[in-house]
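Listing of entry32.cif, mmCIF, C-alpha atoms and all ligand atoms
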data_start
loop_
_atom_site.label_atom_id
_atom_site.label_comp_id
_atom_site.auth_asym_id
_atom_site.auth_seq_id
_atom_site.Cartn_x
_atom_site.Cartn_y
_atom_site.Cartn_z
CA MET A 711 0.00 0.00 0.00
CA LYS A 712 1.30 3.44 -0.90
CA LEU A 713 0.14 6.73 0.60
CA TYR A 714 0.76 9.90 -1.39
CA PHE A 715 1.60 12.36 1.30
CA SER A 716 2.92 15.84 2.09
CA PRO A 717 3.70 16.93 5.64
CA MET A 718 1.32 19.35 7.40
CA THR A 719 -1.59 18.53 5.08
CA ARG A 720 -4.79 16.47 5.13
CA ALA A 721 -2.57 13.48 4.27
CA THR A 722 -1.47 13.34 7.92
CA ARG A 723 -4.86 11.80 8.78
CA PRO A 724 -4.62 8.62 6.66
CA ARG A 725 -1.00 8.31 7.74
CA TRP A 726 -2.18 8.39 11.35
CA MET A 727 -4.78 5.74 10.48
CA LEU A 728 -2.13 3.51 8.87
CA GLU A 729 0.02 3.88 11.99
CA GLU A 730 -2.95 2.97 14.21
CA LEU A 731 -3.53 -0.13 12.11
CA GLY A 732 0.12 -1.06 12.31
CA VAL A 733 0.15 -2.38 8.74
CA PRO A 734 3.09 -1.95 6.35
CA TYR A 735 2.85 0.93 3.91
CA GLU A 736 5.04 3.03 1.70
CA LEU A 737 5.03 6.81 1.97
CA ALA A 738 5.35 8.66 -1.34
CA THR A 739 6.16 12.19 -0.19
CA LEU A 740 5.33 14.85 -2.74
CA ASP A 741 7.19 18.15 -2.55
CA MET A 742 4.40 20.67 -2.99
CA MET A 743 6.86 23.57 -3.16
CA LYS A 744 8.26 21.93 -6.30
CA GLY A 745 4.75 21.30 -7.66
CA GLU A 746 5.17 17.52 -7.62
CA HIS A 747 1.45 17.18 -6.84
CA LYS A 748 0.56 18.85 -10.16
CA LYS A 749 2.72 16.63 -12.38
CA PRO A 750 0.79 14.72 -15.09
CA GLU A 751 1.60 11.33 -13.57
CA TYR A 752 0.14 12.36 -10.20
CA LEU A 753 -2.90 14.01 -11.82
CA LYS A 754 -3.78 10.55 -13.13
CA ILE A 755 -4.06 9.45 -9.48
CA HIS A 756 -5.74 12.59 -8.11
CA PRO A 757 -7.43 14.74 -10.76
CA LEU A 758 -7.18 17.87 -8.58
CA GLY A 759 -3.52 17.29 -7.79
CA ALA A 760 -4.18 17.22 -4.05
CA VAL A 761 -3.00 14.95 -1.24
CA PRO A 762 -3.72 12.42 0.10
CA ALA A 763 -4.23 9.55 -2.31
CA LEU A 764 -3.89 5.86 -1.63
CA GLU A 765 -2.68 3.09 -3.94
CA ASP A 766 -3.64 -0.42 -2.90
CA GLY A 767 -2.70 -3.09 -5.40
CA GLY A 768 -3.91 -1.91 -8.78
CA PHE A 769 -6.47 0.45 -7.31
CA THR A 770 -6.15 4.10 -6.30
CA MET A 771 -8.46 6.38 -4.36
CA TYR A 772 -8.49 9.88 -2.87
CA GLU A 773 -10.37 11.91 -0.21
CA SER A 774 -8.84 11.59 3.25
CA ALA A 775 -11.99 10.49 5.11
CA ALA A 776 -12.88 7.94 2.41
CA ILE A 777 -9.36 6.49 2.63
CA ILE A 778 -9.61 6.28 6.42
CA MET A 779 -12.99 4.53 6.28
CA TYR A 780 -11.72 2.17 3.55
CA LEU A 781 -8.74 1.23 5.71
CA ALA A 782 -10.93 0.64 8.77
CA ASP A 783 -13.10 -1.73 6.72
CA LYS A 784 -10.13 -3.46 5.08
CA TYR A 785 -8.77 -4.50 8.47
CA PRO A 786 -11.92 -5.34 10.50
CA GLU A 787 -9.84 -7.36 12.96
CA LYS A 788 -8.24 -4.11 14.16
CA GLY A 789 -11.63 -2.93 15.42
CA LEU A 790 -11.39 0.68 14.24
CA ALA A 791 -14.98 0.90 12.92
CA PRO A 792 -18.18 0.01 14.78
CA ALA A 793 -20.20 -2.94 13.46
CA LEU A 794 -22.36 -2.28 10.38
CA GLY A 795 -25.98 -1.41 11.08
CA THR A 796 -25.44 -0.43 14.72
CA ALA A 797 -26.21 2.91 16.37
CA ASP A 798 -22.48 3.42 16.84
CA ARG A 799 -21.94 2.91 13.11
CA GLY A 800 -24.53 5.63 12.46
CA ALA A 801 -22.76 7.95 14.89
CA TYR A 802 -19.44 7.10 13.23
CA TYR A 803 -20.72 8.23 9.81
CA GLN A 804 -22.33 11.29 11.37
CA TRP A 805 -19.23 12.60 13.13
CA ILE A 806 -16.93 11.88 10.21
CA SER A 807 -19.30 13.74 7.87
CA PHE A 808 -19.80 16.55 10.37
CA ALA A 809 -16.06 17.12 10.73
CA MET A 810 -15.45 16.99 6.98
CA THR A 811 -18.40 19.06 5.77
CA GLU A 812 -19.25 21.43 8.63
CA ALA A 813 -15.92 22.13 10.34
CA ASP A 814 -13.08 21.51 7.88
CA PRO A 815 -14.19 23.94 5.14
CA LEU A 816 -14.41 26.77 7.70
CA LEU A 817 -10.92 26.03 8.94
CA VAL A 818 -9.55 25.84 5.40
CA THR A 819 -11.11 29.25 4.67
CA ILE A 820 -9.39 30.70 7.74
CA LEU A 821 -6.09 28.99 6.87
CA MET A 822 -6.07 30.17 3.25
CA ASN A 823 -7.05 33.74 4.09
CA THR A 824 -4.57 34.15 6.92
CA ARG A 825 -1.54 32.19 5.66
CA PHE A 826 -1.55 30.85 2.13
CA LEU A 827 -3.25 33.23 -0.30
CA PRO A 828 -1.22 36.17 -1.60
CA GLU A 829 -1.94 39.12 0.72
CA ALA A 830 -3.88 41.00 -1.96
CA GLU A 831 -6.28 38.08 -2.35
CA ARG A 832 -6.98 37.54 1.35
CA SER A 833 -10.42 38.42 2.70
CA ALA A 834 -10.80 39.51 6.32
CA ALA A 835 -14.57 39.25 5.84
CA ALA A 836 -14.29 35.58 4.83
CA VAL A 837 -12.16 34.88 7.92
CA GLU A 838 -14.69 36.63 10.14
CA LYS A 839 -17.63 34.76 8.64
CA ALA A 840 -15.90 31.37 8.93
CA SER A 841 -14.75 32.13 12.49
CA GLN A 842 -18.29 33.05 13.55
CA ARG A 843 -19.67 29.87 12.04
CA PHE A 844 -16.95 27.79 13.74
CA LYS A 845 -18.24 29.21 17.01
CA VAL A 846 -21.52 27.44 16.24
CA ILE A 847 -19.89 24.15 15.16
CA ALA A 848 -17.20 23.73 17.87
CA PRO A 849 -19.63 23.76 20.84
CA ILE A 850 -21.61 20.96 19.17
CA ILE A 851 -18.52 18.72 19.11
CA GLN A 852 -17.59 19.86 22.62
CA GLU A 853 -21.06 18.95 23.90
CA ARG A 854 -20.65 15.50 22.35
CA MET A 855 -17.33 15.04 24.15
CA LYS A 856 -18.72 15.86 27.62
CA GLY A 857 -17.95 12.81 29.78
CA ARG A 858 -16.60 10.79 26.85
CA GLU A 859 -13.14 9.63 25.97
CA TYR A 860 -13.83 8.99 22.26
CA ILE A 861 -16.22 10.53 19.75
CA VAL A 862 -18.08 7.21 19.15
CA GLY A 863 -18.88 4.50 21.68
CA ASN A 864 -16.32 3.83 24.36
CA LYS A 865 -13.35 2.96 22.21
CA PHE A 866 -10.98 4.59 19.77
CA SER A 867 -12.12 4.45 16.12
CA ALA A 868 -11.38 5.87 12.72
CA ALA A 869 -13.87 8.64 13.57
CA ASP A 870 -11.38 9.91 16.17
CA VAL A 871 -8.75 10.11 13.43
CA VAL A 872 -10.97 12.27 11.22
CA VAL A 873 -12.37 14.45 14.01
CA GLY A 874 -8.93 14.63 15.67
CA GLY A 875 -7.40 15.77 12.39
CA THR A 876 -9.97 18.54 12.14
CA LEU A 877 -9.35 19.59 15.74
CA ALA A 878 -5.58 19.59 15.19
CA LEU A 879 -6.09 22.03 12.32
CA ALA A 880 -8.42 24.15 14.47
CA ASN A 881 -5.87 24.18 17.27
CA MET A 882 -3.12 25.28 14.89
CA LEU A 883 -5.35 28.25 14.00
CA ASN A 884 -5.98 28.99 17.71
CA ALA A 885 -9.66 28.24 17.11
CA LEU A 886 -9.94 25.87 20.10
CA ASP A 887 -9.31 28.56 22.69
CA GLY A 888 -12.39 28.58 24.90
CA TYR A 889 -13.15 24.89 24.30
CA PRO A 890 -11.31 23.08 27.11
CA ASP A 891 -13.02 19.72 26.52
CA LEU A 892 -11.98 19.77 22.86
CA LYS A 893 -8.44 20.71 23.80
CA ALA A 894 -8.34 17.89 26.35
CA TYR A 895 -9.69 15.38 23.78
CA LEU A 896 -7.14 16.52 21.19
CA GLY A 897 -4.40 16.36 23.83
CA ARG A 898 -5.29 12.72 24.56
CA LEU A 899 -5.28 11.84 20.87
CA MET A 900 -1.92 13.54 20.36
CA GLU A 901 -0.39 11.35 23.08
CA ARG A 902 -1.05 8.20 21.05
CA PRO A 903 2.13 6.68 19.57
CA ALA A 904 0.51 6.49 16.11
CA THR A 905 -0.43 10.17 16.20
CA LYS A 906 3.08 11.16 17.24
CA LYS A 907 4.55 9.25 14.27
CA ALA A 908 2.06 10.70 11.79
CA PHE A 909 2.48 14.29 12.93
CA ALA A 910 6.29 14.06 13.39
N1 LIG B 1 -11.18 16.88 0.59
C1 LIG B 1 -9.81 16.51 0.33
C2 LIG B 1 -8.95 17.76 0.38
C3 LIG B 1 -7.54 17.49 -0.10
C4 LIG B 1 -6.75 18.78 -0.15
O1 LIG B 1 -7.28 19.86 -0.46
N2 LIG B 1 -5.47 18.68 0.13
C5 LIG B 1 -4.62 19.85 0.09
C6 LIG B 1 -3.58 19.79 1.20
S1 LIG B 1 -4.35 19.86 2.79
C7 LIG B 1 -3.87 19.90 -1.23
O2 LIG B 1 -3.29 18.93 -1.65
N3 LIG B 1 -3.89 21.06 -1.87
C8 LIG B 1 -3.17 21.27 -3.09
C9 LIG B 1 -4.06 21.68 -4.20
O3 LIG B 1 -5.28 21.49 -4.09
O4 LIG B 1 -3.56 22.19 -5.16
C10 LIG B 1 -9.37 15.46 1.35
O5 LIG B 1 -9.85 15.49 2.50
O6 LIG B 1 -8.55 14.60 1.00
#
Can you turn what I pasted into structure tokens?
Amino acid sequence: MKLYFSPMTRATRPRWMLEELGVPYELATLDMMKGEHKKPEYLKIHPLGAVPALEDGGFTMYESAAIIMYLADKYPEKGLAPALGTADRGAYYQWISFAMTEADPLLVTILMNTRFLPEAERSAAAVEKASQRFKVIAPIIQERMKGREYIVGNKFSAADVVVGGTLALANMLNALDGYPDLKAYLGRLMERPATKKAFA
């Protein structure tokens, strides 16, 4: 299995998942500064030229959360996804989707408009709007975490990888200040050996 990866990107999440699974994998690190992710051979793997992507045998796929869920299902014996058709499996899909569709885009907007876009293209209004909306989303996750160790059920799952990845991005943008339960949850996740390897 080969993971197309660049440090400090969404690719850290499937790398974390692979480390949690403890299965062998190859890391194909793309140098984004050199535009390696936009080369024609990589565009055949990911049509947008983004990371991550996963190659498994003759098959390739992209989208970080999809890769993480695929890996959880590929290794059922590792127990990183709740059983199909259970309430926990429903919650698992819910929190993965919530992190990816409700929280992540806001954080990417803040990241792009504070760090990555050329100064002339940055929008303070977009940052303000996304920050205000994140103040609606973060308390919902924090409420979920009250009295819980993990986002789903009472054990670590692939949903913690996705939600943890989102919270790590939020924390990097100082968007978790004022959410002590989220900071504590993220702190616990960051102590895991697999997380330390993936984020190293
Ligand atoms: N929804 C995708 C987003 C992937 C994505 O946008 N990756 C960024 C790095 S965090 C990237 O490669 N950007 C380069 C580009 O789009 O040109 C996922 O979760 O995998």
Each residue of segment 762-874 of chain A with at least one atom at most 9 Å from segment 719-726 of chain A should appear once, together with its nearest atom pair and the corresponding distance in Å (one decimal); atoms considered: all atoms listed in the file; ordering: chain, then increasing residue number; output as a tab-separated table.
residue	atom	partner	partner_atom	distance
A:Pro762	CA	A:Ala721	CA	4.5
A:Ala763	CA	A:Ala721	CA	7.8
A:Leu764	CA	A:Pro724	CA	8.8
A:Glu773	CA	A:Arg720	CA	9.0
A:Ser774	CA	A:Pro724	CA	6.2
A:Ala775	CA	A:Pro724	CA	7.8
A:Ile777	CA	A:Pro724	CA	6.6
A:Ile778	CA	A:Pro724	CA	5.5
A:Leu781	CA	A:Pro724	CA	8.5
A:Val871	CA	A:Arg723	CA	6.3
A:Val872	CA	A:Arg723	CA	6.6
A:Gly874	CA	A:Arg723	CA	8.5
(request) Report the distance between atom CA of Ala830 of chain A and atom CA of Lys749 of chain A in Å, rounded to one decimal place. (result) 27.3 Å
(request) List the neighbours of segment 886-903 of chain A out to 7 Å using only C-alpha atoms; skip same-chain residues closer than 2 positions along the sequence, and give me the result as a list in words. (result) Gln852, Met855, Lys856, Gly874, Leu877, Ala878, Ala880, Asn881, Asn884, Thr905, Lys906 and Lys907 of chain A
(request) Would you mind listing what lies within 9 Å of Lys788 of chain A as a list of chain:residue names, with only C-alpha atoms counted and same-chain residues fewer than 6 positions away left out? (result) A:Glu730, A:Leu731, A:Ala782
(request) Would you mind reading off the distance between atom CA of Thr819 of chain A and atom CA of Glu859 of chain A, one decimal, in Å? (result)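 Between these atoms lies a distance of 29.0 Å.
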Box in all listed atoms of segment 809-819 of chain A, axis-aligned, with 5 Å more on each side; write out centre and edge lengths in Å to one decimal as lines of an AutoDock Vina configuration file.
center_x = -14.4
center_y = 23.1
center_z = 7.7
size_x = 19.7
size_y = 22.3
size_z = 16.1
(request) Compare A:Met882, A:Ala834, A:Ala868, A:Ile847 by their minimum atom-to-atom distance to Pro786 of chain A, counting all atoms listed in the file, and give me the closest one. (result)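 Residue with the minimum atom-to-atom distance to Pro786 of chain A: A:Ala868.
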(request) State, in Å with one decimal place, the distance from atom C5 of ligand LIG 1 (chain B) to atom CA of Ala760 of chain A. (result)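 Taking atom C5 of ligand LIG 1 (chain B) as the start and atom CA of Ala760 of chain A as the end point, the length is 4.9 Å.
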Can you pull out every residue within 10 Å of Tyr752 of chain A, counting only C-alpha atoms, but drop anything in the same chain fewer than 6 positions away, and send it as an mmCIF file with C-alpha atoms, in the coordinates of the input?
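Listed below is the output, out-v1.cif:
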data_model
loop_
_atom_site.group_PDB
_atom_site.id
_atom_site.type_symbol
_atom_site.label_atom_id
_atom_site.label_comp_id
_atom_site.auth_asym_id
_atom_site.auth_seq_id
_atom_site.Cartn_x
_atom_site.Cartn_y
_atom_site.Cartn_z
ATOM 1 C CA TYR A 714 0.760 9.900 -1.390
ATOM 2 C CA LEU A 740 5.330 14.850 -2.740
ATOM 3 C CA GLU A 746 5.170 17.520 -7.620
ATOM 4 C CA LEU A 758 -7.180 17.870 -8.580
ATOM 5 C CA GLY A 759 -3.520 17.290 -7.790
ATOM 6 C CA ALA A 760 -4.180 17.220 -4.050
ATOM 7 C CA VAL A 761 -3.000 14.950 -1.240
ATOM 8 C CA ALA A 763 -4.230 9.550 -2.310
#
(request) Select, from A:Gly768, A:Pro815, A:Pro828, A:Gly863, the residue with the minimum atom-to-atom distance to Arg843 of chain A, counting only C-alpha atoms. (result)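 Closest to Arg843 of chain A of all the choices is A:Pro815.
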(message) Let me make sure I understand: among A:Pro757, A:Pro750, A:Gly795, A:Gly732, which one has the smallest atom-to-atom distance to ligand LIG 1 (chain B) if we use only C-alpha atoms and all ligand atoms?
(response) A:Pro757
(message) Just checking: using only C-alpha atoms and all ligand atoms, which residue out of A:Ser807, A:Lys712, A:Ala885, A:Ala791 ends up closest to ligand LIG 1 (chain B)?
(response) A:Ser807
Within 12 Å of Ile820 of chain A using only C-alpha atoms, minus same-chain residues under 3 positions, as an mmCIF file with C-alpha atoms, keeping the file's coordinate frame:
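Just written: around23.cif:
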data_model
loop_
_atom_site.group_PDB
_atom_site.id
_atom_site.type_symbol
_atom_site.label_atom_id
_atom_site.label_comp_id
_atom_site.auth_asym_id
_atom_site.auth_seq_id
_atom_site.Cartn_x
_atom_site.Cartn_y
_atom_site.Cartn_z
ATOM 1 C CA ALA A 813 -15.920 22.130 10.340
ATOM 2 C CA ASP A 814 -13.080 21.510 7.880
ATOM 3 C CA PRO A 815 -14.190 23.940 5.140
ATOM 4 C CA LEU A 816 -14.410 26.770 7.700
ATOM 5 C CA LEU A 817 -10.920 26.030 8.940
ATOM 6 C CA ASN A 823 -7.050 33.740 4.090
ATOM 7 C CA THR A 824 -4.570 34.150 6.920
ATOM 8 C CA ARG A 825 -1.540 32.190 5.660
ATOM 9 C CA PHE A 826 -1.550 30.850 2.130
ATOM 10 C CA LEU A 827 -3.250 33.230 -0.300
ATOM 11 C CA ARG A 832 -6.980 37.540 1.350
ATOM 12 C CA SER A 833 -10.420 38.420 2.700
ATOM 13 C CA ALA A 834 -10.800 39.510 6.320
ATOM 14 C CA ALA A 835 -14.570 39.250 5.840
ATOM 15 C CA ALA A 836 -14.290 35.580 4.830
ATOM 16 C CA VAL A 837 -12.160 34.880 7.920
ATOM 17 C CA GLU A 838 -14.690 36.630 10.140
ATOM 18 C CA LYS A 839 -17.630 34.760 8.640
ATOM 19 C CA ALA A 840 -15.900 31.370 8.930
ATOM 20 C CA SER A 841 -14.750 32.130 12.490
ATOM 21 C CA GLN A 842 -18.290 33.050 13.550
ATOM 22 C CA ARG A 843 -19.670 29.870 12.040
ATOM 23 C CA PHE A 844 -16.950 27.790 13.740
ATOM 24 C CA LEU A 879 -6.090 22.030 12.320
ATOM 25 C CA ALA A 880 -8.420 24.150 14.470
ATOM 26 C CA MET A 882 -3.120 25.280 14.890
ATOM 27 C CA LEU A 883 -5.350 28.250 14.000
ATOM 28 C CA ASN A 884 -5.980 28.990 17.710
ATOM 29 C CA ALA A 885 -9.660 28.240 17.110
#
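With only C-alpha atoms and all ligand atoms as the atoms that count, the residue of A:Leu790, A:Ala738, A:Ala910, A:Met718 with the shortest distance to ligand LIG 1 (chain B) is A:Met718.
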(request) Go through A:Asp741, A:Glu736, A:Glu831, A:Glu729 one by one, measure the shortest atom-to-atom distance of each to ligand LIG 1 (chain B) using only C-alpha atoms and all ligand atoms, and give the residue with the smallest value. (result)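 Checking each candidate against ligand LIG 1 (chain B), we get A:Asp741 as the closest.
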When you write segment 714-735 of chain A out from the block above, keep N, CA and C atoms and present the result as a PDB file, in the first residue's frame, please.
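Output file result17.pdb is given in full below:
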ATOM      1  N   TYR A 714       0.201   8.649  -0.862  1.00  0.00           N
ATOM      2  CA  TYR A 714       0.763   9.896  -1.393  1.00  0.00           C
ATOM      3  C   TYR A 714       0.514  10.973  -0.351  1.00  0.00           C
ATOM      4  N   PHE A 715       1.589  11.610   0.047  1.00  0.00           N
ATOM      5  CA  PHE A 715       1.603  12.365   1.305  1.00  0.00           C
ATOM      6  C   PHE A 715       2.417  13.643   1.140  1.00  0.00           C
ATOM      7  N   SER A 716       2.043  14.673   1.860  1.00  0.00           N
ATOM      8  CA  SER A 716       2.919  15.836   2.087  1.00  0.00           C
ATOM      9  C   SER A 716       2.740  16.199   3.551  1.00  0.00           C
ATOM     10  N   PRO A 717       3.828  16.593   4.218  1.00  0.00           N
ATOM     11  CA  PRO A 717       3.699  16.934   5.640  1.00  0.00           C
ATOM     12  C   PRO A 717       2.773  18.139   5.840  1.00  0.00           C
ATOM     13  N   MET A 718       2.161  18.214   7.016  1.00  0.00           N
ATOM     14  CA  MET A 718       1.322  19.354   7.397  1.00  0.00           C
ATOM     15  C   MET A 718       0.122  19.547   6.460  1.00  0.00           C
ATOM     16  N   THR A 719      -0.405  18.442   5.937  1.00  0.00           N
ATOM     17  CA  THR A 719      -1.593  18.526   5.078  1.00  0.00           C
ATOM     18  C   THR A 719      -2.616  17.502   5.549  1.00  0.00           C
ATOM     19  N   ARG A 720      -3.734  17.434   4.831  1.00  0.00           N
ATOM     20  CA  ARG A 720      -4.793  16.469   5.131  1.00  0.00           C
ATOM     21  C   ARG A 720      -4.276  15.026   5.063  1.00  0.00           C
ATOM     22  N   ALA A 721      -3.125  14.829   4.408  1.00  0.00           N
ATOM     23  CA  ALA A 721      -2.565  13.475   4.272  1.00  0.00           C
ATOM     24  C   ALA A 721      -2.072  12.916   5.603  1.00  0.00           C
ATOM     25  N   THR A 722      -1.886  13.800   6.587  1.00  0.00           N
ATOM     26  CA  THR A 722      -1.468  13.340   7.916  1.00  0.00           C
ATOM     27  C   THR A 722      -2.522  12.399   8.509  1.00  0.00           C
ATOM     28  N   ARG A 723      -3.778  12.610   8.179  1.00  0.00           N
ATOM     29  CA  ARG A 723      -4.864  11.805   8.780  1.00  0.00           C
ATOM     30  C   ARG A 723      -4.809  10.341   8.346  1.00  0.00           C
ATOM     31  N   PRO A 724      -4.770  10.045   7.022  1.00  0.00           N
ATOM     32  CA  PRO A 724      -4.623   8.622   6.665  1.00  0.00           C
ATOM     33  C   PRO A 724      -3.302   8.029   7.115  1.00  0.00           C
ATOM     34  N   ARG A 725      -2.264   8.855   7.225  1.00  0.00           N
ATOM     35  CA  ARG A 725      -1.003   8.312   7.744  1.00  0.00           C
ATOM     36  C   ARG A 725      -1.186   7.883   9.202  1.00  0.00           C
ATOM     37  N   TRP A 726      -1.864   8.722   9.953  1.00  0.00           N
ATOM     38  CA  TRP A 726      -2.177   8.392  11.352  1.00  0.00           C
ATOM     39  C   TRP A 726      -2.968   7.082  11.404  1.00  0.00           C
ATOM     40  N   MET A 727      -3.954   6.957  10.518  1.00  0.00           N
ATOM     41  CA  MET A 727      -4.776   5.742  10.480  1.00  0.00           C
ATOM     42  C   MET A 727      -3.915   4.512  10.185  1.00  0.00           C
ATOM     43  N   LEU A 728      -3.006   4.640   9.211  1.00  0.00           N
ATOM     44  CA  LEU A 728      -2.128   3.507   8.874  1.00  0.00           C
ATOM     45  C   LEU A 728      -1.254   3.134  10.067  1.00  0.00           C
ATOM     46  N   GLU A 729      -0.797   4.143  10.795  1.00  0.00           N
ATOM     47  CA  GLU A 729       0.023   3.879  11.989  1.00  0.00           C
ATOM     48  C   GLU A 729      -0.816   3.197  13.070  1.00  0.00           C
ATOM     49  N   GLU A 730      -2.067   3.624  13.235  1.00  0.00           N
ATOM     50  CA  GLU A 730      -2.951   2.974  14.213  1.00  0.00           C
ATOM     51  C   GLU A 730      -3.161   1.501  13.853  1.00  0.00           C
ATOM     52  N   LEU A 731      -3.301   1.247  12.556  1.00  0.00           N
ATOM     53  CA  LEU A 731      -3.535  -0.134  12.109  1.00  0.00           C
ATOM     54  C   LEU A 731      -2.285  -0.987  12.262  1.00  0.00           C
ATOM     55  N   GLY A 732      -1.135  -0.329  12.182  1.00  0.00           N
ATOM     56  CA  GLY A 732       0.125  -1.060  12.311  1.00  0.00           C
ATOM     57  C   GLY A 732       0.397  -1.972  11.124  1.00  0.00           C
ATOM     58  N   VAL A 733      -0.084  -1.574   9.953  1.00  0.00           N
ATOM     59  CA  VAL A 733       0.152  -2.380   8.737  1.00  0.00           C
ATOM     60  C   VAL A 733       1.292  -1.731   7.938  1.00  0.00           C
ATOM     61  N   PRO A 734       2.002  -2.546   7.132  1.00  0.00           N
ATOM     62  CA  PRO A 734       3.089  -1.953   6.350  1.00  0.00           C
ATOM     63  C   PRO A 734       2.551  -1.049   5.237  1.00  0.00           C
ATOM     64  N   TYR A 735       3.225   0.040   5.018  1.00  0.00           N
ATOM     65  CA  TYR A 735       2.846   0.934   3.914  1.00  0.00           C
ATOM     66  C   TYR A 735       4.069   1.728   3.477  1.00  0.00           C
TER      67      TYR A 735
END
